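Peer 1: CSV, C-alpha atoms, saved as input-v8.csv, coming up:
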```csv
chain,number,residue,atom,x,y,z
A,1,MET,CA,9.6,30.2,-33.5
A,2,GLY,CA,13.3,30.6,-34.4
A,3,LEU,CA,15.4,28.1,-36.4
A,4,ASN,CA,17.4,27.0,-33.3
A,5,THR,CA,14.3,26.5,-31.3
A,6,ARG,CA,12.7,24.4,-34.0
A,7,SER,CA,15.9,22.3,-34.3
A,8,MET,CA,16.1,21.8,-30.6
A,9,LEU,CA,12.4,20.7,-30.6
A,10,ARG,CA,13.0,18.2,-33.4
A,11,VAL,CA,16.0,16.8,-31.5
A,12,GLY,CA,13.9,16.5,-28.3
A,13,ILE,CA,11.1,14.7,-30.2
A,14,VAL,CA,13.5,12.3,-31.9
A,15,THR,CA,15.2,11.6,-28.6
A,16,PHE,CA,11.9,10.9,-26.9
A,17,LEU,CA,10.8,8.5,-29.7
A,18,VAL,CA,14.1,6.6,-29.6
A,19,GLN,CA,13.9,6.2,-25.9
A,20,LEU,CA,10.3,5.1,-26.2
A,21,GLN,CA,11.3,2.5,-28.8
A,22,LEU,CA,14.1,1.2,-26.7
A,23,ALA,CA,11.8,1.0,-23.6
A,24,THR,CA,9.2,-0.9,-25.7
A,25,ALA,CA,11.8,-3.3,-27.1
A,26,GLN,CA,13.2,-4.0,-23.6
A,27,THR,CA,9.7,-4.6,-22.2
A,28,ASP,CA,9.0,-7.0,-25.1
A,29,ALA,CA,12.4,-8.8,-24.4
A,30,ASN,CA,11.5,-9.1,-20.7
A,31,ALA,CA,8.1,-10.5,-21.6
A,32,ALA,CA,9.7,-13.1,-23.8
A,33,LEU,CA,12.1,-14.0,-21.1
A,34,VAL,CA,9.3,-14.4,-18.6
A,35,SER,CA,7.5,-16.7,-21.1
A,36,LYS,CA,10.6,-18.9,-21.3
A,37,HIS,CA,10.5,-19.5,-17.6
A,38,VAL,CA,6.9,-20.7,-17.2
A,39,PRO,CA,7.3,-23.5,-14.6
A,40,LYS,CA,7.1,-27.0,-16.3
A,41,GLN,CA,5.0,-28.4,-13.5
A,42,LEU,CA,2.4,-25.6,-14.0
A,43,VAL,CA,2.3,-26.4,-17.7
A,44,GLU,CA,1.7,-30.1,-17.0
A,45,LEU,CA,-1.0,-29.4,-14.4
A,46,ASN,CA,-2.8,-27.1,-16.9
A,47,ALA,CA,-2.5,-29.7,-19.6
A,48,ARG,CA,-4.1,-32.3,-17.4
A,49,PHE,CA,-6.8,-30.3,-15.6
A,50,GLY,CA,-7.0,-26.9,-17.2
A,51,THR,CA,-7.5,-25.1,-20.5
A,52,PRO,CA,-4.7,-23.8,-22.7
A,53,ASP,CA,-5.8,-20.2,-22.4
A,54,ALA,CA,-5.9,-20.4,-18.6
A,55,LEU,CA,-2.2,-19.8,-18.1
A,56,GLN,CA,-1.5,-16.3,-16.9
A,57,GLN,CA,1.8,-14.4,-16.3
A,58,GLU,CA,2.5,-11.0,-15.0
A,59,PHE,CA,5.9,-9.4,-14.1
A,60,VAL,CA,7.7,-6.4,-12.8
A,61,THR,CA,11.3,-5.3,-13.1
A,62,ALA,CA,13.5,-3.7,-10.5
A,63,ASP,CA,17.0,-2.5,-9.6
A,64,PHE,CA,17.0,-4.3,-6.3
A,65,GLU,CA,20.8,-4.1,-6.0
A,66,ARG,CA,20.8,-0.3,-6.7
A,67,ALA,CA,23.3,-0.8,-9.5
A,68,GLY,CA,21.9,1.8,-11.7
A,69,GLN,CA,20.3,-0.6,-14.1
A,70,VAL,CA,17.4,-3.1,-14.0
A,71,ARG,CA,18.7,-6.6,-13.5
A,72,THR,CA,15.8,-8.6,-12.0
A,73,ILE,CA,12.4,-9.7,-13.1
A,74,VAL,CA,9.8,-10.9,-10.6
A,75,ALA,CA,7.2,-13.0,-12.4
A,76,ALA,CA,4.0,-14.6,-11.1
A,77,TYR,CA,2.5,-17.5,-13.0
A,78,SER,CA,-1.0,-19.0,-12.6
A,79,ASP,CA,-3.4,-21.4,-14.3
A,80,GLY,CA,-6.3,-20.0,-12.4
A,81,ASP,CA,-6.1,-22.4,-9.5
A,82,ASP,CA,-2.4,-22.8,-8.7
A,83,ALA,CA,0.3,-20.1,-8.8
A,84,THR,CA,4.0,-19.7,-8.3
A,85,ILE,CA,6.6,-16.9,-8.3
A,86,ARG,CA,10.0,-16.8,-10.0
A,87,VAL,CA,12.9,-14.3,-9.6
A,88,ILE,CA,14.7,-14.1,-13.0
A,89,ASP,CA,18.2,-12.7,-13.5
A,90,ILE,CA,18.0,-10.9,-16.8
A,91,SER,CA,21.8,-11.0,-17.7
A,92,SER,CA,22.3,-14.7,-16.9
A,93,ASN,CA,18.8,-15.9,-17.9
A,94,THR,CA,18.5,-17.9,-14.6
A,95,GLU,CA,15.7,-18.2,-12.2
A,96,LYS,CA,15.2,-18.8,-8.5
A,97,GLU,CA,12.1,-19.9,-6.5
A,98,VAL,CA,11.1,-17.8,-3.5
A,99,PRO,CA,11.7,-19.9,-0.4
A,100,GLY,CA,8.5,-20.9,1.4
A,101,VAL,CA,6.2,-19.9,-1.4
A,102,THR,CA,6.7,-22.6,-4.0
A,103,TRP,CA,3.0,-23.1,-4.7
A,104,LEU,CA,0.2,-20.7,-4.0
A,105,GLY,CA,-3.5,-20.7,-4.6
A,106,GLY,CA,-5.3,-18.2,-6.8
A,107,GLY,CA,-5.3,-16.7,-10.2
A,108,SER,CA,-5.1,-13.4,-12.1
A,109,PRO,CA,-1.8,-12.3,-10.5
A,110,THR,CA,-1.0,-8.6,-10.0
A,111,LEU,CA,2.4,-7.3,-8.8
A,112,GLU,CA,3.3,-4.0,-7.2
A,113,LEU,CA,6.5,-2.4,-6.1
A,114,VAL,CA,6.4,-0.2,-3.0
A,115,ASP,CA,9.3,0.9,-0.8
A,116,ILE,CA,7.6,0.3,2.6
A,117,ASP,CA,10.8,0.4,4.8
A,118,THR,CA,12.2,3.5,2.9
A,119,ASP,CA,15.6,1.9,2.3
A,120,GLY,CA,15.6,2.7,-1.4
A,121,ILE,CA,14.8,-0.9,-2.4
A,122,PRO,CA,11.2,-1.7,-3.2
A,123,GLU,CA,9.3,-4.5,-1.6
A,124,VAL,CA,7.1,-6.6,-3.9
A,125,PHE,CA,3.4,-7.2,-3.4
A,126,VAL,CA,2.1,-10.3,-5.3
A,127,SER,CA,-1.7,-10.5,-5.2
A,128,LEU,CA,-3.6,-13.6,-6.4
A,129,TRP,CA,-7.4,-13.3,-6.9
A,130,GLY,CA,-9.9,-15.9,-5.8
A,131,VAL,CA,-13.3,-16.8,-7.3
A,132,ASN,CA,-14.9,-14.8,-4.5
A,133,GLY,CA,-13.4,-11.6,-5.8
A,134,SER,CA,-10.9,-11.2,-2.9
A,135,ALA,CA,-7.2,-11.1,-3.2
A,136,ALA,CA,-4.6,-12.9,-1.1
A,137,THR,CA,-1.3,-10.9,-1.1
A,138,TRP,CA,2.2,-12.1,-0.5
A,139,LEU,CA,4.7,-9.4,0.6
A,140,LEU,CA,8.3,-10.1,-0.4
A,141,ARG,CA,11.5,-8.3,0.4
A,142,TRP,CA,14.9,-8.4,-1.3
A,143,ASP,CA,17.7,-10.3,0.5
A,144,SER,CA,21.1,-9.0,-0.7
A,145,SER,CA,22.9,-12.0,0.8
A,146,THR,CA,21.1,-14.5,-1.4
A,147,ARG,CA,20.3,-12.1,-4.2
A,148,ASN,CA,16.7,-13.4,-4.0
A,149,LEU,CA,13.4,-12.4,-2.5
A,150,ARG,CA,12.1,-13.7,0.8
A,151,LEU,CA,8.9,-13.7,2.6
A,152,TRP,CA,8.5,-10.6,4.7
A,153,GLY,CA,5.1,-11.4,6.0
A,154,PRO,CA,2.7,-11.3,7.6
A,155,THR,CA,2.1,-15.1,7.3
A,156,ILE,CA,0.9,-18.0,9.4
A,157,LYS,CA,2.1,-21.6,9.3
A,158,GLU,CA,-0.2,-24.5,9.6
A,159,GLY,CA,1.7,-27.8,9.4
A,160,ALA,CA,3.9,-27.6,6.4
A,161,ASP,CA,1.8,-25.0,4.7
A,162,VAL,CA,2.3,-21.2,4.9
A,163,PHE,CA,-0.6,-18.8,4.4
A,164,THR,CA,-0.5,-15.0,4.0
A,165,LEU,CA,-2.5,-12.8,6.3
A,166,LEU,CA,-2.7,-10.0,3.8
A,167,LYS,CA,-6.1,-9.8,2.1
A,168,ASN,CA,-7.2,-7.0,-0.2
A,169,HIS,CA,-4.4,-4.8,1.1
A,170,GLU,CA,-3.9,-1.1,0.8
A,171,VAL,CA,-0.8,1.0,1.3
A,172,ALA,CA,-0.8,4.6,2.6
A,173,ASP,CA,0.3,6.7,5.5
A,174,PHE,CA,-2.8,5.9,7.6
A,175,ASP,CA,-1.5,7.2,11.0
A,176,GLY,CA,0.0,10.4,9.6
A,177,ASP,CA,3.6,9.8,10.8
A,178,GLY,CA,5.1,10.3,7.4
A,179,LYS,CA,5.7,6.6,6.8
A,180,LEU,CA,3.7,4.1,4.8
A,181,GLU,CA,1.7,1.4,6.5
A,182,VAL,CA,0.0,-1.7,5.1
A,183,ILE,CA,-3.5,-2.6,6.0
A,184,SER,CA,-5.3,-5.9,5.4
A,185,GLY,CA,-8.9,-6.8,5.6
A,186,PRO,CA,-11.6,-6.4,6.4
A,187,ASP,CA,-12.4,-9.6,8.2
A,188,PRO,CA,-16.1,-10.7,8.8
A,189,ASN,CA,-16.3,-8.2,11.6
A,190,GLY,CA,-15.3,-5.3,9.4
A,191,GLU,CA,-11.9,-4.9,11.2
A,192,MET,CA,-8.7,-4.4,9.3
A,193,ALA,CA,-5.1,-5.0,10.6
A,194,MET,CA,-2.4,-2.5,10.2
A,195,TYR,CA,1.3,-3.3,9.7
A,196,LYS,CA,4.4,-1.1,9.8
A,197,ALA,CA,8.1,-1.5,9.0
A,198,LEU,CA,9.8,-1.4,12.4
A,199,GLY,CA,13.4,-2.4,13.1
A,200,GLY,CA,13.8,-4.2,9.7
A,201,SER,CA,10.7,-6.3,10.1
A,202,LEU,CA,7.0,-5.8,9.3
A,203,GLN,CA,5.1,-5.7,12.6
A,204,LYS,CA,1.4,-5.5,13.4
A,205,VAL,CA,0.7,-2.3,15.3
A,206,LYS,CA,-2.2,-1.2,17.4
A,207,SER,CA,-4.6,1.0,15.6
A,208,GLY,CA,-8.2,2.1,15.7
A,209,LEU,CA,-10.9,0.3,13.9
A,210,LEU,CA,-10.5,0.5,10.2
A,211,PHE,CA,-13.3,-0.4,7.8
A,212,GLN,CA,-15.3,0.5,4.7
A,213,ARG,CA,-13.2,0.8,1.6
A,214,LEU,CA,-14.4,2.2,-1.7
A,215,THR,CA,-12.7,2.4,-5.1
A,216,ILE,CA,-14.2,4.5,-7.8
A,217,ASN,CA,-13.1,5.5,-11.3
A,218,SER,CA,-13.1,8.9,-13.0
A,219,SER,CA,-16.3,10.8,-13.6
A,220,GLU,CA,-18.1,8.8,-11.0
A,221,SER,CA,-19.6,9.7,-7.7
A,222,SER,CA,-20.6,7.7,-4.6
A,223,ASP,CA,-22.6,8.1,-1.5
A,224,GLY,CA,-19.5,6.7,0.3
A,225,GLY,CA,-21.1,5.4,3.5
A,226,VAL,CA,-22.5,6.1,6.9
A,227,PHE,CA,-20.9,5.6,10.2
A,228,TYR,CA,-22.0,6.0,13.7
A,229,ARG,CA,-20.1,7.5,16.6
A,230,SER,CA,-20.4,4.7,19.1
A,231,GLU,CA,-17.9,6.6,21.3
A,232,PRO,CA,-18.1,10.3,21.9
A,233,ASN,CA,-14.5,11.0,21.0
A,234,ILE,CA,-13.7,8.7,18.1
A,235,ARG,CA,-11.8,10.3,15.2
A,236,PRO,CA,-13.2,9.5,11.8
A,237,LEU,CA,-10.8,10.1,9.0
A,238,LEU,CA,-10.7,9.3,5.3
A,239,GLN,CA,-7.5,8.0,3.9
A,240,LEU,CA,-7.3,8.5,0.1
A,241,SER,CA,-4.9,7.0,-2.4
A,242,VAL,CA,-5.3,8.7,-5.9
A,243,ILE,CA,-3.5,7.8,-9.1
A,244,GLY,CA,-4.0,8.3,-12.8
A,245,ALA,CA,-6.4,5.7,-14.3
A,246,ASN,CA,-4.3,2.8,-15.8
A,247,ASN,CA,-1.3,4.4,-14.0
A,248,GLN,CA,-1.5,7.3,-16.4
A,249,GLN,CA,1.3,9.7,-15.6
A,250,GLY,CA,0.6,13.4,-15.7
A,251,ALA,CA,-3.1,12.9,-15.0
A,252,SER,CA,-5.0,15.7,-13.6
A,253,GLY,CA,-8.4,15.8,-11.9
A,254,ILE,CA,-10.4,16.6,-8.8
A,255,VAL,CA,-11.5,14.5,-5.9
A,256,THR,CA,-14.3,16.0,-3.8
A,257,ILE,CA,-15.6,14.8,-0.4
A,258,ASN,CA,-18.6,16.3,1.2
A,259,ASP,CA,-18.5,19.1,-1.5
A,260,GLU,CA,-15.0,20.0,-0.4
A,261,VAL,CA,-12.1,19.6,-2.9
A,262,VAL,CA,-9.5,17.5,-1.2
A,263,VAL,CA,-7.3,16.6,-4.2
A,264,PRO,CA,-7.1,19.7,-6.5
A,265,ASP,CA,-6.5,19.7,-10.2
A,266,ASN,CA,-2.9,18.9,-11.3
A,267,ALA,CA,-2.0,17.4,-7.9
A,268,LEU,CA,-1.1,14.2,-9.6
A,269,LYS,CA,0.7,15.9,-12.4
A,270,ASN,CA,3.1,17.4,-9.8
A,271,ALA,CA,3.5,13.9,-8.2
A,272,GLY,CA,5.3,12.5,-11.2
A,273,GLY,CA,3.1,9.5,-11.7
A,274,LYS,CA,3.1,8.4,-8.1
A,275,PRO,CA,0.0,8.0,-6.0
A,276,VAL,CA,-1.1,11.0,-4.0
A,277,TYR,CA,-2.0,10.2,-0.4
A,278,LYS,CA,-4.4,12.5,1.5
A,279,ARG,CA,-6.0,12.4,5.0
A,280,VAL,CA,-9.3,14.1,5.4
A,281,SER,CA,-11.0,14.6,8.8
A,282,ILE,CA,-14.8,14.3,8.9
A,283,LYS,CA,-15.9,16.9,11.3
A,284,ASP,CA,-19.6,16.8,12.3
A,285,GLU,CA,-21.3,14.7,9.7
A,286,ASN,CA,-22.1,11.0,10.1
A,287,GLU,CA,-22.1,10.5,6.4
A,288,TRP,CA,-19.6,11.1,3.6
A,289,ASP,CA,-19.8,11.2,-0.2
A,290,MET,CA,-17.1,11.3,-2.8
A,291,SER,CA,-16.8,12.3,-6.5
A,292,VAL,CA,-13.9,12.0,-8.9
A,293,LYS,CA,-13.5,13.9,-12.1
A,294,GLY,CA,-10.7,13.3,-14.5
A,295,PRO,CA,-8.7,10.2,-15.6
A,296,LEU,CA,-8.2,9.1,-12.0
A,297,LEU,CA,-8.6,6.0,-9.9
A,298,ALA,CA,-9.3,6.8,-6.3
A,299,THR,CA,-9.4,4.5,-3.3
A,300,VAL,CA,-10.6,5.7,0.0
A,301,VAL,CA,-10.6,3.9,3.3
A,302,LEU,CA,-12.8,5.2,6.2
A,303,VAL,CA,-10.6,5.1,9.3
A,304,ILE,CA,-12.3,5.1,12.7
A,305,GLU,CA,-9.6,5.8,15.2
A,306,MET,CA,-10.1,5.3,18.9
A,307,PRO,CA,-8.1,7.8,21.0
A,308,SER,CA,-4.7,6.5,22.2
A,309,CYS,CA,-2.4,7.9,24.9
A,310,ASP,CA,0.6,6.2,23.3
A,311,LEU,CA,1.4,9.4,21.4
A,312,ASN,CA,5.0,8.5,20.4
A,313,LYS,CA,3.9,5.0,19.3
A,314,ASP,CA,6.5,3.1,21.3
A,315,GLY,CA,4.1,0.5,22.6
A,316,LYS,CA,3.7,2.0,26.1
A,317,ILE,CA,2.1,4.9,27.8
A,318,ASP,CA,4.6,6.8,30.1
A,319,LEU,CA,5.9,10.2,31.2
A,320,ASN,CA,7.1,10.9,27.7
A,321,ASP,CA,3.5,10.7,26.4
A,322,ILE,CA,2.1,12.8,29.2
A,323,ALA,CA,4.8,15.5,28.6
A,324,LEU,CA,3.6,15.7,25.0
A,325,ILE,CA,0.1,16.6,26.3
A,326,SER,CA,1.3,18.9,29.1
A,327,ASN,CA,3.6,20.9,26.8
A,328,ALA,CA,0.7,21.6,24.5
A,329,ARG,CA,-1.9,22.7,27.0
A,330,GLY,CA,-4.2,25.4,25.8
A,331,LEU,CA,-3.7,24.7,22.1
A,332,THR,CA,-6.6,24.1,19.8
A,333,ALA,CA,-6.6,20.5,18.6
A,334,ALA,CA,-7.3,19.1,15.1
A,335,PRO,CA,-9.8,16.3,15.0
A,336,GLU,CA,-7.0,13.7,14.5
A,337,ASP,CA,-4.8,15.1,17.3
A,338,PHE,CA,-4.8,12.5,20.1
A,339,ARG,CA,-3.2,14.9,22.6
A,340,ASP,CA,-6.8,16.0,22.9
A,341,TYR,CA,-7.8,12.7,24.4
A,342,ASP,CA,-11.3,13.7,25.3
A,343,GLY,CA,-12.0,15.2,21.9
A,344,ASP,CA,-13.3,18.5,23.1
A,345,GLY,CA,-11.1,20.5,20.7
A,346,ILE,CA,-8.7,21.8,23.4
A,347,ILE,CA,-5.6,20.1,24.8
A,348,SER,CA,-5.9,20.5,28.5
A,349,ALA,CA,-5.0,19.1,31.9
A,350,ASN,CA,-8.0,16.8,31.6
A,351,ASP,CA,-6.4,15.1,28.7
A,352,ALA,CA,-3.1,14.6,30.7
A,353,ARG,CA,-5.0,13.3,33.7
A,354,ALA,CA,-7.0,10.8,31.6
A,355,CYS,CA,-3.8,9.5,30.0
A,356,THR,CA,-2.0,9.3,33.4
A,357,LEU,CA,-4.6,6.8,34.5
A,358,LYS,CA,-3.7,4.6,31.6
A,359,CYS,CA,0.1,4.5,32.1
A,360,THR,CA,1.7,1.2,31.5
A,361,ASN,CA,4.0,1.3,34.6
A,362,ALA,CA,3.6,2.6,38.1
A,363,ARG,CA,4.1,6.4,38.3
A,364,CYS,CA,4.1,6.4,34.5
A,365,ALA,CA,7.8,5.3,34.6
A,366,PRO,CA,9.3,4.9,31.0
```
When written as structure tokens, how does the structure in this file appear?
Peer 2:
Amino acid sequence: MGLNTRSMLRVGIVTFLVQLQLATAQTDANAALVSKHVPKQLVELNARFGTPDALQQEFVTADFERAGQVRTIVAAYSDGDDATIRVIDISSNTEKEVPGVTWLGGGSPTLELVDIDTDGIPEVFVSLWGVNGSAATWLLRWDSSTRNLRLWGPTIKEGADVFTLLKNHEVADFDGDGKLEVISGPDPNGEMAMYKALGGSLQKVKSGLLFQRLTINSSESSDGGVFYRSEPNIRPLLQLSVIGANNQQGASGIVTINDEVVVPDNALKNAGGKPVYKRVSIKDENEWDMSVKGPLLATVVLVIEMPSCDLNKDGKIDLNDIALISNARGLTAAPEDFRDYDGDGIISANDARACTLKCTNARCAP
């Protein structure tokens, strides 16, 4: 190694260490700022009914205003029973409540930033865990006019109280359209609701039956589950979300389903610390199993999709959908291709005919 190369290497190492120290110092400063804004009422409630070590706080930081620097902290505070959220301006050391979510139930808060609507500004998922091991999640979106977060849903109002409909949520591209969806559930029937960002709002969309979620850590394996094809042409898919254990960046590892590698080694390393999403079709088996090797955390949701003729997902079945089938006649269809409505592996006139019978309007008018 030449002198210049060694000098450049030393400079690079020193620069990295300085940046790491600055980042650590900023994180410590933000944590101290969050501690200063613990709501007084929560402290009083905890003093009267709780224990001193029950108070919990978690936070994330974000550049919601796309100013090129982090200006905002979103903090969640809980005493194990009651919780609240504060939006803290770092420069002015001021805080705001999120309208409509002054007091929430639950403990052990976790926060996650995900840009669901792809506008370059992340949404905030705040999850609060109950004693039954399930999480109620509040989804918040930045409002530039008020410089504050607001509820983005889905919620339901009962009297003066507002409740979230998101339970044990997952985020992934479940329908394969290149955009992220949010799923919630399962409910007691095993069904999960799907939500998508449409026209600036989060809307519930029709989907197949989604159920059976499994999360496993590295160097584990699981029998996954068993499902039954109650309909001859249902489309079983596995939707994976894989990330480095403890959000470890540059992690590598392998995820295998039914002895087939679906996430190869170094896939996460190329993803720059972001989750890797993967859709896997289950072809003939009624069972699936999964193994993970490496410092990874893998979550998989079994998606049982019923065939739909609304191919362009505009909420209606019309000539536009029929044309998508007719123009592809004779092509071999993948298991998740709903143009093959009857699921026989070939897109044909039979598929177009079956969907024509399901048109929303007379003569399949748009």
Peer 1: What is the atom CA of A:Lys40 to atom CA of A:Leu104 distance in Å?
Peer 2: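 Separation of atom CA of A:Lys40 and atom CA of A:Leu104: 15.4 Å.
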Peer 1: Quick one: pull the distance between atom CA of A:Leu149 and atom CA of A:Val276, Å, one decimal.
Peer 2: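 Computed distance, atom CA of A:Leu149 to atom CA of A:Val276, equals 27.6 Å.
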Peer 1: Using only C-alpha atoms, find the one residue out of A:Asn30, A:Gln41, A:Ser134, A:Asn266 that sits nearest to A:Asn168.
Peer 2: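 Using only C-alpha atoms, A:Asn168 sits closest to A:Ser134.
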Peer 1: Tell me, in Å to one decimal, how far atom CA of A:Gly253 is from atom CA of A:Lys293.
Peer 2: 5.4 Å
Peer 1: So that I can see what lies close to A:Leu331, please list as a list in words the residues with an atom at most 8 Å from it, counting all atoms listed in the file and leaving out residues fewer than 4 positions away in the same chain.
Peer 2: Ile346, Ile347 and Ser348 of chain A
Peer 1: Neighbours of stretch 90-100 of chain A within 7 Å (all atoms listed in the file; same-chain residues fewer than 6 positions away dropped), as a list in words?
Peer 2: Arg71, Thr72, Ile73, Leu149 and Arg150 of chain A
Peer 1: Export C-alpha atoms of the chosen residues as a PDB file, in the frame of the given file?
Peer 2:
```
ATOM      1  CA  ARG A  71      18.700  -6.600 -13.500  1.00  0.00           C
ATOM      2  CA  THR A  72      15.800  -8.600 -12.000  1.00  0.00           C
ATOM      3  CA  ILE A  73      12.400  -9.700 -13.100  1.00  0.00           C
ATOM      4  CA  LEU A 149      13.400 -12.400  -2.500  1.00  0.00           C
ATOM      5  CA  ARG A 150      12.100 -13.700   0.800  1.00  0.00           C
TER       6      ARG A 150
END
```
Peer 1: Which is closer to A:Ala267 than all the others in A:Leu140, A:Val255, A:Cys355, A:Met290, using only C-alpha atoms?
Peer 2: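 Under the stated criterion, the closest residue is A:Val255.
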Peer 1: In terms of the shortest atom-to-atom distance over only C-alpha atoms, which of A:Val162, A:Asp289, A:Asp318, A:Ala298 is closest to A:Val263?
Peer 2: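 Answer, going by the shortest atom-to-atom distance: A:Ala298.
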Peer 1: Counting all atoms listed in the file, which residues sit no farther than 7 Å from the position (-3.2, 7.0, 3.3) in the file's frame? I'd like them as a list of chain:residue names.
Peer 2: A:Val171, A:Ala172, A:Asp173, A:Phe174, A:Gln239, A:Leu240, A:Ser241, A:Tyr277, A:Lys278, A:Arg279
Peer 1: From the set A:Asp79, A:Glu58, A:Asp265, A:Asp115, which residue has the shortest atom-to-atom contact distance to A:Val242, counting only C-alpha atoms?
Peer 2: A:Asp265
Peer 1: From the list A:Val60, A:Ala271, A:Ile156, A:Ala54, which residue is nearest A:Val114 when using all atoms listed in the file?
Peer 2: A:Val60
Peer 1: Which polymer residues have any atom within 10 Å of an atom of A:Thr332, counting only C-alpha atoms, with same-chain residues fewer than 3 positions away left out, as a list of chain:residue names?
Peer 2: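 Non-adjacent residues within range: A:Ala328, A:Arg329, A:Pro335, A:Asp337, A:Asp340, A:Asp344, A:Gly345, A:Ile346, A:Ile347, A:Ser348.
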Peer 1: Determine the nearest neighbour of A:Lys316 from the options A:Gly80, A:Pro366, A:Pro275, A:Pro109, counting only C-alpha atoms.
Peer 2: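 Distance minimum relative to A:Lys316 lands on A:Pro366.
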